[in-house]
Amino acid sequence: MKKLYILLLLFFINILAYSFHISPDGFGKRIDGDGGFQEYTFENKTGKTIRYRFAILPGRNPEKSMDKWIEFEPKFMTIKNGESKKLKLYAKSPKDAKIGDYSFYLAVNSVTVPGIVEGKEGAITTGTTVGINMHIEMLGWVGDLPAKLKLEKYEFYEKDGKVHFKGFINNRTEKRFVRYMIEVTGNRGERATIYGGVLPALQTKSFDIPLEQFKKKGDVWKIEVKETLDRNLLQTIKL
């Protein structure tokens, strides 16, 4: 019985995760000068009407938190099933903010929505809700800090009938993170996208992953390293 309960719980968690859609899922803007602006699209695929409540919370490091510099609207959002709506968020640092990266959390919580009895307009039934409670970390930076991130010491190799790709990603950017992705393109239009996540300033990360889209390592034609959110091209390698 306990195992069945755990399996059912995991099943409903997976359904909930699939039904929650926010795009883009990060901030990644320079926030001094004119500040940084981003719109977020929320889609509802839960099968019922859902109402969100939004809040801004401090980042993980209080000394590098930008939560006090955020303006956003709306505070609440009601979305019917199959619809989408936008959240607008603006950040601007004070003039005396130190150069470097900062963070905050966007809190997204679902709240109860009254149900409507079919055929009886305006009749209220027991409230229903979809249990979403998420804190999404958002990052920004102060200063002229263009991304300096490179793919180094990379190699394609074949193992167990699959093409593998390994190497090192080096973030040479001083005082700020880089959120990056790697796109691998083949001679016949094959394409693999690797989302590397956030790499802090002056750090290196290794990777070794299979590329299911490729049959032979000789099929690889081009590698492009980009910033994830704005697709800013950082590096191109043609093989």
# chains A, B, ... in the order shown; residues from 1 in each chain; ligands from 1
$ residues_around --residues "A:Arg188" --least-positions-apart "2" --cutoff "8 Å" --atoms "only C-alpha atoms" --output "MDAnalysis selection string"
chainID A and resid 186 190 219
$ atom_distance --atom1 "atom CA of A:Pro62" --atom2 "atom CA of A:Gly28"
18.5 Å
$ residues_around --residues "A:Tyr90" --least-positions-apart "6" --cutoff "7 Å" --atoms "only C-alpha atoms" --output "list in words"
Gly36, Phe37, Gln38, Ile70, Glu71 and Phe72 of chain A
$ select_by_dssp --residues "chain A" --states "helix (DSSP H, G or I)" --output "list in words"
Lys2, Lys3, Leu4, Tyr5, Ile6, Leu7, Leu8, Leu9, Leu10, Phe11, Phe12, Ile13, Asn14, Ile15, Leu16, Ala17, Tyr18, Ser19, Pro62, Glu63, Lys64, Asp67, Lys68, Trp69, Lys217, Gly218 and Asp219 of chain A
$ select_by_dssp --residues "chain A" --states "strand (DSSP E or B)" --output "PyMOL selection string"
chain A and resi 20-23+29-30+36-44+50-58+65+70-73+76-79+84-91+100-111+113+116+124+128+133-142+149-159+162-171+178-186+191-199+204-211+220-227+233-238
$ atom_distance --atom1 "atom CA of A:Ile22" --atom2 "atom CA of A:Tyr180"
18.5 Å
$ residues_around --residues "A:Glu227" --least-positions-apart "2" --cutoff "7 Å" --atoms "only C-alpha atoms" --output "number ranges by chain"
A: 178-181, 229-233
$ closest_atom_pairs --of "stretch 22-123 of chain A" --to "stretch 140-151 of chain A" --cutoff "12 Å" --atoms "only C-alpha atoms" --output "Markdown table"
| residue | atom | partner | partner_atom | distance |
| --- | --- | --- | --- | --- |
| A:Gly26 | CA | A:Gly140 | CA | 9.4 |
| A:Phe27 | CA | A:Gly140 | CA | 6.5 |
| A:Gly28 | CA | A:Gly140 | CA | 4.9 |
| A:Lys29 | CA | A:Gly140 | CA | 4.9 |
| A:Arg30 | CA | A:Trp141 | CA | 4.9 |
| A:Ile31 | CA | A:Val142 | CA | 5.7 |
| A:Asp32 | CA | A:Val142 | CA | 5.4 |
| A:Gly33 | CA | A:Val142 | CA | 8.7 |
| A:Asp34 | CA | A:Val142 | CA | 11.1 |
| A:Gly35 | CA | A:Val142 | CA | 9.3 |
| A:Gly36 | CA | A:Gly140 | CA | 8.3 |
| A:Phe37 | CA | A:Gly140 | CA | 10.7 |
| A:Gln38 | CA | A:Gly140 | CA | 11.3 |
| A:Gly59 | CA | A:Gly140 | CA | 11.0 |
| A:Lys64 | CA | A:Trp141 | CA | 9.8 |
| A:Ser65 | CA | A:Gly140 | CA | 9.7 |
| A:Met66 | CA | A:Gly140 | CA | 8.1 |
| A:Asp67 | CA | A:Gly140 | CA | 10.8 |
| A:Trp69 | CA | A:Gly140 | CA | 11.0 |
| A:Ile70 | CA | A:Gly140 | CA | 11.1 |
| A:Tyr90 | CA | A:Gly140 | CA | 11.1 |
| A:Ala91 | CA | A:Gly140 | CA | 8.7 |
| A:Lys92 | CA | A:Val142 | CA | 9.3 |
| A:Ser93 | CA | A:Val142 | CA | 7.4 |
| A:Pro94 | CA | A:Val142 | CA | 9.7 |
| A:Lys95 | CA | A:Val142 | CA | 9.7 |
| A:Asp96 | CA | A:Val142 | CA | 10.2 |
| A:Ala97 | CA | A:Val142 | CA | 7.2 |
| A:Lys98 | CA | A:Val142 | CA | 6.9 |
| A:Ile99 | CA | A:Val142 | CA | 4.9 |
| A:Gly100 | CA | A:Val142 | CA | 5.4 |
| A:Asp101 | CA | A:Trp141 | CA | 4.0 |
| A:Tyr102 | CA | A:Gly140 | CA | 5.3 |
| A:Ser103 | CA | A:Gly140 | CA | 6.2 |
| A:Phe104 | CA | A:Gly140 | CA | 8.7 |
| A:Tyr105 | CA | A:Gly140 | CA | 11.5 |
$ residues_around --residues "stretch 75-82 of chain A" --least-positions-apart "4" --cutoff "6 Å" --atoms "only C-alpha atoms" --output "list of chain:residue names"
A:Asn44, A:Lys45, A:Gly47, A:Lys48, A:Thr49, A:Ile50, A:Arg51, A:Tyr52, A:Arg53, A:Phe54
$ write_last_selection --atoms "C-alpha atoms" --output "PDB file, in the first residue's frame"
ATOM      1  CA  ASN A  44      -2.585  26.684 -18.493  1.00  0.00           C
ATOM      2  CA  LYS A  45      -2.776  23.019 -19.457  1.00  0.00           C
ATOM      3  CA  GLY A  47      -7.685  21.021 -17.482  1.00  0.00           C
ATOM      4  CA  LYS A  48      -9.281  23.630 -15.206  1.00  0.00           C
ATOM      5  CA  THR A  49      -9.140  27.351 -14.473  1.00  0.00           C
ATOM      6  CA  ILE A  50      -6.151  28.316 -12.350  1.00  0.00           C
ATOM      7  CA  ARG A  51      -5.329  31.509 -10.469  1.00  0.00           C
ATOM      8  CA  TYR A  52      -1.730  32.469  -9.719  1.00  0.00           C
ATOM      9  CA  ARG A  53      -0.380  34.766  -7.034  1.00  0.00           C
ATOM     10  CA  PHE A  54       3.085  36.237  -7.654  1.00  0.00           C
TER      11      PHE A  54
END
$ closest_residue --among "A:Leu234, A:Leu211, A:Leu89, A:Met138" --to "A:Ile169" --atoms "only C-alpha atoms"
A:Leu234
$ residues_around --residues "A:Glu158" --least-positions-apart "5" --cutoff "9 Å" --atoms "only C-alpha atoms" --output "PDB file with all heavy atoms, in the first residue's frame"
ATOM      1  N   VAL A 163      27.171   8.196 -30.600  1.00  0.00           N
ATOM      2  CA  VAL A 163      28.129   9.302 -30.636  1.00  0.00           C
ATOM      3  C   VAL A 163      28.066  10.033 -29.300  1.00  0.00           C
ATOM      4  O   VAL A 163      26.980  10.370 -28.811  1.00  0.00           O
ATOM      5  CB  VAL A 163      27.824  10.277 -31.786  1.00  0.00           C
ATOM      6  CG1 VAL A 163      28.770  11.471 -31.745  1.00  0.00           C
ATOM      7  CG2 VAL A 163      27.927   9.555 -33.124  1.00  0.00           C
ATOM      8  N   HIS A 164      29.234  10.262 -28.717  1.00  0.00           N
ATOM      9  CA  HIS A 164      29.319  10.995 -27.452  1.00  0.00           C
ATOM     10  C   HIS A 164      30.114  12.280 -27.666  1.00  0.00           C
ATOM     11  O   HIS A 164      30.975  12.370 -28.546  1.00  0.00           O
ATOM     12  CB  HIS A 164      30.005  10.142 -26.381  1.00  0.00           C
ATOM     13  CG  HIS A 164      29.188   8.968 -25.939  1.00  0.00           C
ATOM     14  ND1 HIS A 164      28.600   8.890 -24.703  1.00  0.00           N
ATOM     15  CD2 HIS A 164      28.856   7.820 -26.585  1.00  0.00           C
ATOM     16  CE1 HIS A 164      27.942   7.752 -24.588  1.00  0.00           C
ATOM     17  NE2 HIS A 164      28.090   7.079 -25.718  1.00  0.00           N
ATOM     18  N   PHE A 165      29.799  13.267 -26.835  1.00  0.00           N
ATOM     19  CA  PHE A 165      30.423  14.582 -26.930  1.00  0.00           C
ATOM     20  C   PHE A 165      30.894  14.982 -25.533  1.00  0.00           C
ATOM     21  O   PHE A 165      30.115  14.995 -24.589  1.00  0.00           O
ATOM     22  CB  PHE A 165      29.379  15.582 -27.455  1.00  0.00           C
ATOM     23  CG  PHE A 165      29.843  17.002 -27.583  1.00  0.00           C
ATOM     24  CD1 PHE A 165      31.168  17.329 -27.861  1.00  0.00           C
ATOM     25  CD2 PHE A 165      28.925  18.044 -27.459  1.00  0.00           C
ATOM     26  CE1 PHE A 165      31.573  18.648 -28.002  1.00  0.00           C
ATOM     27  CE2 PHE A 165      29.315  19.362 -27.599  1.00  0.00           C
ATOM     28  CZ  PHE A 165      30.635  19.673 -27.867  1.00  0.00           C
ATOM     29  N   LYS A 215      24.588   9.426 -35.856  1.00  0.00           N
ATOM     30  CA  LYS A 215      24.964   8.017 -36.028  1.00  0.00           C
ATOM     31  C   LYS A 215      26.478   7.819 -35.994  1.00  0.00           C
ATOM     32  O   LYS A 215      26.974   6.810 -35.505  1.00  0.00           O
ATOM     33  CB  LYS A 215      24.416   7.495 -37.365  1.00  0.00           C
ATOM     34  CG  LYS A 215      22.901   7.623 -37.503  1.00  0.00           C
ATOM     35  CD  LYS A 215      22.158   6.841 -36.433  1.00  0.00           C
ATOM     36  CE  LYS A 215      20.645   6.933 -36.635  1.00  0.00           C
ATOM     37  NZ  LYS A 215      19.899   6.233 -35.571  1.00  0.00           N
ATOM     38  N   LYS A 216      27.226   8.810 -36.564  1.00  0.00           N
ATOM     39  CA  LYS A 216      28.683   8.727 -36.601  1.00  0.00           C
ATOM     40  C   LYS A 216      29.264  10.074 -36.201  1.00  0.00           C
ATOM     41  O   LYS A 216      28.672  11.128 -36.465  1.00  0.00           O
ATOM     42  CB  LYS A 216      29.171   8.346 -38.003  1.00  0.00           C
ATOM     43  CG  LYS A 216      28.690   6.982 -38.490  1.00  0.00           C
ATOM     44  CD  LYS A 216      29.207   6.711 -39.903  1.00  0.00           C
ATOM     45  CE  LYS A 216      28.727   5.363 -40.404  1.00  0.00           C
ATOM     46  NZ  LYS A 216      29.214   5.085 -41.792  1.00  0.00           N
ATOM     47  N   LYS A 217      30.436  10.049 -35.600  1.00  0.00           N
ATOM     48  CA  LYS A 217      31.050  11.308 -35.175  1.00  0.00           C
ATOM     49  C   LYS A 217      31.440  12.184 -36.366  1.00  0.00           C
ATOM     50  O   LYS A 217      31.507  13.406 -36.255  1.00  0.00           O
ATOM     51  CB  LYS A 217      32.262  11.044 -34.285  1.00  0.00           C
ATOM     52  CG  LYS A 217      33.430  10.349 -34.963  1.00  0.00           C
ATOM     53  CD  LYS A 217      34.577  10.159 -33.977  1.00  0.00           C
ATOM     54  CE  LYS A 217      35.795   9.544 -34.654  1.00  0.00           C
ATOM     55  NZ  LYS A 217      36.922   9.360 -33.692  1.00  0.00           N
TER      56      LYS A 217
END
$ atom_distance --atom1 "atom CA of A:Ile182" --atom2 "atom CA of A:Ile223"
7.0 Å
